[in-house]
file model-v6.txt (compact mmCIF, C-alpha atoms)
# COMPACT_ATOMS: atom_id res chain seq x y z
CA MET A 147 -14.08 -1.97 11.46
CA LEU A 148 -13.96 -0.03 14.68
CA ILE A 149 -13.49 3.73 14.58
CA ARG A 150 -9.81 4.57 14.73
CA ARG A 151 -8.50 6.55 17.62
CA THR A 152 -5.25 8.37 18.18
CA ILE A 153 -2.73 6.16 19.90
CA ALA A 154 -0.54 8.74 21.59
CA ALA A 155 -2.42 8.15 24.85
CA MET A 156 -1.58 4.45 24.75
CA LEU A 157 2.03 5.06 25.71
CA THR A 158 3.13 5.48 29.28
CA ALA A 159 3.25 8.90 30.88
CA SER A 160 6.99 9.07 30.28
CA VAL A 161 6.59 9.01 26.52
CA LEU A 162 6.82 12.33 24.75
CA SER A 163 3.92 13.31 22.51
CA VAL A 164 4.53 13.09 18.79
CA SER A 165 4.20 16.82 18.36
CA ALA A 166 6.70 17.49 21.11
CA VAL A 167 9.48 15.38 19.67
CA GLY A 168 10.24 17.67 16.76
CA SER A 169 12.68 15.22 15.21
CA ALA A 170 13.06 13.77 11.74
CA HIS A 171 11.57 10.53 13.09
CA ALA A 172 8.28 12.25 13.92
CA ALA A 173 7.88 13.28 10.28
CA ARG A 174 8.41 9.92 8.65
CA PRO A 175 6.78 9.62 5.23
CA THR A 176 3.81 7.33 4.70
CA HIS A 177 5.51 5.54 1.80
CA PRO A 178 9.28 6.00 1.45
CA PRO A 179 10.51 6.90 -2.05
CA GLY A 180 11.04 3.98 -4.39
CA GLN A 181 8.89 1.54 -2.42
CA ALA A 182 5.46 0.30 -3.42
CA PRO A 183 2.64 1.63 -1.25
CA ASP A 184 1.38 -1.85 -0.41
CA ASN A 185 1.75 -5.53 -1.16
CA PRO A 186 -0.61 -6.85 -3.87
CA GLY A 187 -1.18 -10.07 -1.91
CA GLU A 188 -3.70 -8.30 0.34
CA ARG A 189 -6.19 -5.52 -0.23
CA PRO A 190 -4.86 -1.97 0.07
CA LEU A 191 -5.46 -0.26 3.37
CA THR A 192 -8.25 2.29 3.46
CA GLU A 193 -7.34 5.93 4.01
CA GLU A 194 -8.53 5.59 7.59
CA GLU A 195 -6.46 2.45 8.17
CA GLN A 196 -3.36 4.03 6.63
CA ALA A 197 -3.78 7.17 8.72
CA ALA A 198 -4.02 5.03 11.87
CA SER A 199 -0.84 3.20 10.87
CA ASP A 200 0.98 6.48 10.19
CA ARG A 201 -0.02 7.80 13.60
CA LYS A 202 1.27 4.71 15.32
CA VAL A 203 4.57 4.77 13.39
CA ARG A 204 5.09 8.38 14.47
CA ALA A 205 4.15 7.62 18.07
CA ALA A 206 6.56 4.67 18.14
CA ALA A 207 9.35 6.88 16.81
CA ALA A 208 8.58 9.45 19.48
CA TYR A 209 8.66 6.79 22.18
CA ILE A 210 12.01 5.37 21.00
CA ALA A 211 13.50 8.86 20.76
CA SER A 212 12.36 9.69 24.29
CA VAL A 213 13.64 6.55 26.01
CA ASP A 214 16.91 6.58 24.07
CA ALA A 215 17.46 10.21 25.05
CA SER A 216 16.69 9.48 28.71
CA GLY A 217 18.61 6.22 28.84
CA SER A 218 15.59 4.36 30.24
CA THR A 219 15.62 1.61 27.64
CA LEU A 220 14.41 -1.14 29.96
CA MET A 221 11.25 0.57 31.25
CA SER A 222 9.74 -1.58 34.04
CA LEU A 223 9.52 -5.08 32.56
CA SER A 224 11.28 -7.98 34.21
CA CYS A 225 14.08 -9.65 32.31
CA VAL A 226 12.99 -13.29 32.40
CA ALA A 227 14.11 -15.72 29.73
CA PRO A 228 10.90 -17.49 28.62
CA ASN A 229 10.53 -21.23 28.11
CA SER A 230 10.47 -23.54 25.10
CA THR A 231 8.29 -26.59 24.55
CA ASP A 232 10.06 -28.20 21.61
CA GLY A 233 13.72 -27.56 22.33
CA VAL A 234 14.74 -26.76 18.75
CA ALA A 235 17.53 -24.44 17.70
CA GLY A 236 16.71 -20.85 18.51
CA ALA A 237 14.39 -21.82 21.36
CA THR A 238 14.75 -20.53 24.87
CA THR A 239 15.07 -22.34 28.16
CA ASP A 240 13.52 -21.76 31.57
CA SER A 241 15.26 -19.14 33.65
CA THR A 242 14.75 -17.12 36.77
CA THR A 243 14.51 -13.36 36.76
CA GLN A 244 17.91 -11.91 35.99
CA ALA A 245 19.63 -8.57 35.80
CA CYS A 246 19.24 -6.83 32.46
CA THR A 247 22.85 -6.37 31.52
CA VAL A 248 21.70 -6.13 27.90
CA PRO A 249 18.56 -4.06 27.16
CA GLN A 250 15.68 -6.50 26.84
CA ALA A 251 12.02 -6.97 27.75
CA TYR A 252 9.44 -9.75 27.62
CA LEU A 253 5.73 -10.19 28.17
CA GLY A 254 4.22 -13.16 30.00
CA VAL A 255 2.50 -15.03 27.16
CA ALA A 256 1.84 -18.74 26.68
CA ALA A 257 2.01 -20.45 23.28
CA ARG A 258 -0.98 -22.22 21.76
CA ASP A 259 -1.03 -24.96 19.12
CA GLN A 260 -3.22 -24.14 16.14
CA LEU A 261 -6.20 -26.49 15.92
CA LYS A 262 -6.40 -26.50 12.10
CA GLY A 263 -3.83 -26.18 9.36
CA HIS A 264 -4.97 -22.66 8.45
CA TYR A 265 -5.48 -21.45 12.04
CA CYS A 266 -2.13 -19.73 12.67
CA GLY A 267 -3.99 -16.38 12.75
CA PRO A 268 -6.59 -17.52 15.31
CA ALA A 269 -3.82 -19.17 17.37
CA VAL A 270 -1.93 -15.86 17.48
CA GLY A 271 -5.20 -14.15 18.39
CA GLN A 272 -5.69 -16.63 21.23
CA VAL A 273 -2.17 -16.02 22.56
CA ILE A 274 -2.68 -12.25 22.52
CA ALA A 275 -6.22 -12.44 23.92
CA ASN A 276 -5.10 -14.68 26.78
CA TYR A 277 -2.30 -12.27 27.65
CA SER A 278 -4.61 -9.25 27.42
CA TRP A 279 -7.16 -10.89 29.73
CA ALA A 280 -4.44 -12.09 32.16
CA MET A 281 -5.46 -15.72 31.73
CA SER A 282 -3.50 -18.56 33.31
CA ALA A 283 -0.88 -20.39 31.27
CA THR A 284 -3.43 -23.09 30.41
CA GLY A 285 -6.64 -21.04 30.27
CA ASN A 286 -8.24 -19.55 27.15
CA LYS A 287 -10.46 -16.48 27.09
CA TYR A 288 -11.91 -17.42 23.70
CA SER A 289 -11.76 -20.56 21.57
CA GLN A 290 -9.81 -20.53 18.32
CA GLY A 291 -13.08 -21.19 16.52
CA THR A 292 -14.61 -18.02 17.94
CA ILE A 293 -11.56 -15.97 17.03
CA ALA A 294 -11.51 -17.55 13.57
CA SER A 295 -15.09 -16.38 13.04
CA TRP A 296 -14.04 -12.82 13.88
CA MET A 297 -11.06 -13.09 11.52
CA SER A 298 -13.06 -14.71 8.65
CA THR A 299 -10.43 -17.46 8.63
CA ASP A 300 -12.73 -20.33 7.73
CA VAL A 301 -14.47 -18.28 5.05
CA LYS A 302 -11.22 -17.49 3.24
CA GLY A 303 -9.10 -20.44 4.28
CA TYR A 304 -6.42 -18.07 5.60
CA THR A 305 -6.17 -14.86 7.64
CA ASN A 306 -5.30 -11.52 6.06
CA ALA A 307 -3.87 -8.69 8.15
CA PRO A 308 -7.01 -6.46 8.18
CA GLU A 309 -9.17 -9.40 9.29
CA LEU A 310 -6.63 -10.39 11.94
CA GLU A 311 -6.65 -6.79 13.18
CA TYR A 312 -10.43 -6.87 13.46
CA GLY A 313 -10.29 -10.17 15.33
CA LEU A 314 -7.78 -8.74 17.79
CA GLU A 315 -10.05 -5.76 18.38
CA ARG A 316 -12.90 -8.12 19.28
CA ALA A 317 -10.75 -10.52 21.30
CA THR A 318 -9.13 -7.83 23.48
CA ALA A 319 -12.02 -5.36 23.84
CA GLY A 320 -12.36 -4.50 27.53
CA ALA A 321 -9.33 -6.57 28.56
CA PRO A 322 -7.51 -5.36 31.70
CA ARG A 323 -4.08 -5.33 30.06
CA ARG A 324 -5.25 -3.50 26.94
CA PRO A 325 -4.15 0.15 27.35
CA ALA A 326 -6.75 2.91 27.37
CA ASN A 327 -7.40 4.30 23.87
CA TRP A 328 -5.57 1.34 22.34
CA ASP A 329 -6.14 0.67 18.64
CA TRP A 330 -4.92 -2.37 16.74
CA VAL A 331 -3.56 -1.31 13.35
CA VAL A 332 -2.00 -2.89 10.26
CA THR A 333 1.40 -1.47 9.29
CA ARG A 334 3.73 -2.18 6.39
CA LEU A 335 7.36 -2.78 7.32
CA LEU A 336 9.17 -0.17 5.24
CA ASP A 337 12.53 1.57 5.26
CA TYR A 338 11.17 4.75 6.80
CA ASP A 339 14.57 6.28 7.58
CA GLY A 340 16.00 5.51 4.13
CA ASP A 341 19.07 3.64 5.37
CA GLY A 342 18.36 0.55 3.27
CA ILE A 343 17.67 -1.58 6.38
CA LEU A 344 14.40 -2.98 7.74
CA GLY A 345 15.72 -4.64 10.89
CA ASP A 346 16.19 -1.36 12.74
CA GLU A 347 12.60 -0.38 11.99
CA LEU A 348 11.23 -3.72 13.20
CA GLN A 349 13.30 -3.72 16.39
CA ASN A 350 12.05 -0.25 17.30
CA PHE A 351 8.41 -1.11 16.57
CA VAL A 352 8.69 -4.18 18.80
CA ARG A 353 10.43 -2.19 21.53
CA SER A 354 7.72 0.46 21.43
CA ASN A 355 4.84 -2.00 21.60
CA ILE A 356 6.31 -4.27 24.26
CA SER A 357 8.15 -1.83 26.52
CA GLY A 358 5.96 1.23 25.94
CA SER A 359 2.49 -0.28 25.60
CA LYS A 360 3.20 -3.73 27.05
CA MET A 361 1.31 -5.43 24.25
CA PRO A 362 2.39 -8.24 21.85
CA LEU A 363 2.50 -7.92 18.06
CA ALA A 364 1.35 -10.24 15.25
CA LEU A 365 3.95 -10.75 12.51
CA ALA A 366 3.21 -12.23 9.07
CA VAL A 367 6.19 -14.23 7.76
CA LYS A 368 7.28 -16.80 5.22
CA PRO A 369 8.34 -19.44 7.79
CA TYR A 370 10.70 -21.62 5.74
CA ASP A 371 10.63 -20.96 2.01
CA VAL A 372 12.90 -23.25 0.01
CA ASN A 373 14.38 -20.22 -1.76
CA GLY A 374 14.32 -17.96 1.28
CA LYS A 375 17.44 -16.44 2.78
CA TYR A 376 16.27 -17.05 6.35
CA HIS A 377 13.70 -19.20 8.12
CA LEU A 378 12.08 -19.46 11.53
CA SER A 379 14.16 -21.49 13.97
CA SER A 380 10.91 -23.17 14.99
CA TRP A 381 10.64 -24.77 11.51
CA LYS A 382 13.01 -27.70 10.91
CA LYS A 383 12.67 -28.07 7.13
CA PRO A 384 11.34 -26.17 4.08
CA VAL A 385 7.57 -26.21 3.69
CA SER A 386 5.41 -24.89 0.87
CA SER A 387 3.52 -22.40 3.01
CA PRO A 388 1.32 -19.51 1.85
CA GLY A 389 2.48 -17.61 4.92
CA HIS A 390 2.37 -17.81 8.67
CA TRP A 391 1.44 -15.66 11.70
CA ILE A 392 3.54 -15.56 14.87
CA ALA A 393 3.14 -13.48 18.05
CA ALA A 394 6.12 -11.32 19.07
CA TYR A 395 6.36 -10.89 22.84
CA GLY A 396 9.95 -9.93 23.60
CA TRP A 397 13.07 -8.20 22.37
CA TYR A 398 16.76 -8.42 23.19
CA SER A 399 19.36 -5.72 22.59
CA LEU A 400 19.07 -2.40 20.84
CA TRP A 401 19.54 -2.61 17.09
CA ALA A 402 23.12 -3.64 16.36
CA GLY A 403 22.92 -4.46 12.66
CA ASN A 404 23.88 -8.09 13.27
CA ASP A 405 22.38 -11.26 14.75
CA PHE A 406 22.78 -10.00 18.33
CA SER A 407 19.48 -8.10 18.16
CA ARG A 408 16.64 -10.58 18.64
CA ILE A 409 12.87 -10.88 18.72
CA TYR A 410 11.10 -13.52 20.81
CA TYR A 411 7.87 -15.06 19.53
CA THR A 412 5.37 -17.88 19.97
CA ASP A 413 4.74 -20.38 17.19
CA SER A 414 1.73 -22.68 16.81
CA SER A 415 2.73 -24.98 13.95
CA ARG A 416 3.59 -28.34 15.50
CA ASP A 417 1.39 -30.23 13.02
CA GLU A 418 2.02 -27.96 10.01
CA GLY A 419 5.76 -28.44 9.58
CA GLY A 420 6.99 -26.20 12.37
CA SER A 421 6.86 -26.33 16.16
CA THR A 422 4.69 -25.00 18.97
CA GLY A 423 6.29 -23.06 21.79
CA LYS A 424 8.46 -20.02 22.44
CA TYR A 425 11.44 -19.17 20.25
CA TRP A 426 13.68 -16.35 19.14
CA ASP A 427 15.38 -15.31 15.94
CA PRO A 428 17.66 -12.44 14.95
CA THR A 429 15.61 -9.37 14.13
CA ARG A 430 17.18 -8.93 10.71
CA HIS A 431 16.11 -12.48 9.81
CA LEU A 432 12.51 -11.84 10.83
CA ALA A 433 12.47 -8.53 8.97
CA GLU A 434 13.43 -10.35 5.76
CA MET A 435 10.82 -13.07 6.35
CA ILE A 436 8.18 -10.35 6.73
CA ARG A 437 9.43 -8.49 3.63
CA VAL A 438 9.21 -11.49 1.31
CA HIS A 439 5.67 -12.26 2.48
CA THR A 440 3.03 -9.51 2.69
CA GLY A 441 5.38 -7.05 4.38
CA ARG A 442 2.72 -6.45 7.06
CA PHE A 443 2.33 -6.80 10.79
CA VAL A 444 -0.43 -5.95 13.26
CA TRP A 445 0.30 -4.08 16.51
call {"tool": "encode", "arguments": {"input": "model-v6.txt", "output": "structure tokens"}}
result
Amino acid sequence: MLIRRTIAAMLTASVLSVSAVGSAHAARPTHPPGQAPDNPGERPLTEEEQAASDRKVRAAAAYIASVDASGSTLMSLSCVAPNSTDGVAGATTDSTTQACTVPQAYLGVAARDQLKGHYCGPAVGQVIANYSWAMSATGNKYSQGTIASWMSTDVKGYTNAPELEYGLERATAGAPRRPANWDWVVTRLLDYDGDGILGDELQNFVRSNISGSKMPLALAVKPYDVNGKYHLSSWKKPVSSPGHWIAAYGWYSLWAGNDFSRIYYTDSSRDEGGSTGKYWDPTRHLAEMIRVHTGRFVW
């Protein structure tokens, strides 16, 4: 595992430093009261990994506080509705650049189909690596097999969050779109502000990464569990899945507590029960799909 670095420098010059914010957000606890410190489905984070996650959570809170206070919620990203390849419910359609009447931001990623049934992690790694290296819509910086070797996917038959984080470090090292002093970290989606809601936390983390750092995120979800409350719009029917990785690349609307707030993502599962392309789902739905799985994401 690479040596962890502070991530405050990753944010744009307009972002306030964590120490300068001085708000309740900047002092969020590592593990909110009444919640387990980690999900037993994956190994616990090391002290170093947890410290890196805590720093990034605080930096994200500082970023959100600064842009909300200044009113500059859109930053400098174009508001372009991305495309869909499968045309299922929740997918997006091609669009030209439009005025951002609703706060929103997207990154220019291209979806990739996973080459093996357990390659959702490497496919997400390929999407993020291609974006980081500014590859064309059809070009790949690294093969999924190479990324899978970095993520130990074939060894385990699946991809855990710490291994996916390591693979992203390798796949984006030296990339032109990777911010200086950037550090990929694993974070648990928790109710840090104690309001009983996870959707607001997720929306702000996505906003911070995409609008502040201009980098995608990797989300671990239960895609369509037969007993689940929500499912990915890219999956048409229930599937017995051990879990699934998707790449978040856009957000729509500040947190509203309803289905109006959205997250845009790529899926890679055309041959595994889902679809391959670009889609969106309400943030509160995705937050629940993360919670009932490992509760983790990589950003």
call {"tool": "residues_around", "arguments": {"input": "model-v6.txt", "residues": "Val301 of chain A", "least_positions_apart": "6", "cutoff": "12 Å", "atoms": "all atoms listed in the file", "output": "number ranges by chain"}}
result
A: 264-265, 291, 294-295, 309
call {"tool": "residues_around", "arguments": {"input": "model-v6.txt", "residues": "Ile343 of chain A", "least_positions_apart": "4", "cutoff": "12 Å", "atoms": "only C-alpha atoms", "output": "PyMOL selection string"}}
result
chain A and resi 335-339+347-349+401-404+429-431+433-434+437
call {"tool": "closest_residue", "arguments": {"input": "model-v6.txt", "among": "A:Thr247, A:Thr292, A:Thr333, A:Asn350", "to": "Thr440 of chain A", "atoms": "only C-alpha atoms"}}
result
A:Thr333
call {"tool": "axis_aligned_box", "arguments": {"input": "model-v6.txt", "around": "segment 292-303 of chain A", "padding_each_side": "8 Å", "output": "AutoDock Vina command-line options"}}
result
--center_x -12.1 --center_y -16.6 --center_z 10.6 --size_x 22.0 --size_y 23.6 --size_z 30.7
call {"tool": "residues_around", "arguments": {"input": "model-v6.txt", "residues": "Asp259 of chain A", "least_positions_apart": "4", "cutoff": "8 Å", "atoms": "all atoms listed in the file", "output": "list in words"}}
result
Ala269, Asp413, Ser414, Ser415, Arg416 and Thr422 of chain A
call {"tool": "closest_residue", "arguments": {"input": "model-v6.txt", "among": "A:Pro308, A:Pro322, A:Pro369, A:Gly303", "to": "Ile392 of chain A", "atoms": "all atoms listed in the file"}}
result
A:Pro369
call {"tool": "residues_around", "arguments": {"input": "model-v6.txt", "residues": "Ser399 of chain A", "least_positions_apart": "6", "cutoff": "8 Å", "atoms": "only C-alpha atoms", "output": "PyMOL selection string"}}
result
chain A and resi 248-250+406-408
call {"tool": "atom_distance", "arguments": {"input": "model-v6.txt", "atom1": "atom CA of Asp417 of chain A", "atom2": "atom CA of Pro268 of chain A"}}
result
15.2 Å
call {"tool": "residues_around", "arguments": {"input": "model-v6.txt", "residues": "Ala317 of chain A", "least_positions_apart": "4", "cutoff": "9 Å", "atoms": "all atoms listed in the file", "output": "ChimeraX atom specification"}}
result
/A:271-272,274-276,278,287-288,293,296,312-313,321
call {"tool": "write_last_selection", "arguments": {"input": "model-v6.txt", "atoms": "C-alpha atoms", "output": "PDB file, in the frame of the given file"}}
result
ATOM      1  CA  GLY A 271      -5.200 -14.150  18.390  1.00  0.00           C
ATOM      2  CA  GLN A 272      -5.690 -16.630  21.230  1.00  0.00           C
ATOM      3  CA  ILE A 274      -2.680 -12.250  22.520  1.00  0.00           C
ATOM      4  CA  ALA A 275      -6.220 -12.440  23.920  1.00  0.00           C
ATOM      5  CA  ASN A 276      -5.100 -14.680  26.780  1.00  0.00           C
ATOM      6  CA  SER A 278      -4.610  -9.250  27.420  1.00  0.00           C
ATOM      7  CA  LYS A 287     -10.460 -16.480  27.090  1.00  0.00           C
ATOM      8  CA  TYR A 288     -11.910 -17.420  23.700  1.00  0.00           C
ATOM      9  CA  ILE A 293     -11.560 -15.970  17.030  1.00  0.00           C
ATOM     10  CA  TRP A 296     -14.040 -12.820  13.880  1.00  0.00           C
ATOM     11  CA  TYR A 312     -10.430  -6.870  13.460  1.00  0.00           C
ATOM     12  CA  GLY A 313     -10.290 -10.170  15.330  1.00  0.00           C
ATOM     13  CA  ALA A 321      -9.330  -6.570  28.560  1.00  0.00           C
TER      14      ALA A 321
END
call {"tool": "atom_distance", "arguments": {"input": "model-v6.txt", "atom1": "atom CA of Gly263 of chain A", "atom2": "atom CA of Ala280 of chain A"}}
result
26.8 Å
call {"tool": "closest_residue", "arguments": {"input": "model-v6.txt", "among": "A:Gln260, A:Asn327, A:Ser379, A:Asn373", "to": "Glu418 of chain A", "atoms": "only C-alpha atoms"}}
result
A:Gln260
call {"tool": "atom_distance", "arguments": {"input": "model-v6.txt", "atom1": "atom CA of Ala257 of chain A", "atom2": "atom CA of Asp329 of chain A"}}
result
23.1 Å
call {"tool": "residues_near_point", "arguments": {"input": "model-v6.txt", "point": "(3.0, -0.4, 25.2)", "cutoff": "10 Å", "atoms": "all atoms listed in the file", "output": "list of chain:residue names"}}
result
A:Met156, A:Leu157, A:Thr158, A:Ala206, A:Tyr209, A:Arg323, A:Arg324, A:Pro325, A:Trp328, A:Val352, A:Arg353, A:Ser354, A:Asn355, A:Ile356, A:Ser357, A:Gly358, A:Ser359, A:Lys360, A:Met361, A:Pro362, A:Trp445
call {"tool": "closest_residue", "arguments": {"input": "model-v6.txt", "among": "A:Ala319, A:Leu310, A:Val331, A:Val270", "to": "Glu194 of chain A", "atoms": "all atoms listed in the file"}}
result
A:Val331
call {"tool": "closest_residue", "arguments": {"input": "model-v6.txt", "among": "A:Val255, A:Gly389, A:Val332, A:Leu261", "to": "Thr192 of chain A", "atoms": "all atoms listed in the file"}}
result
A:Val332
call {"tool": "closest_residue", "arguments": {"input": "model-v6.txt", "among": "A:Ala215, A:Ile409, A:Lys383, A:Gly419", "to": "Ala251 of chain A", "atoms": "all atoms listed in the file"}}
result
A:Ile409
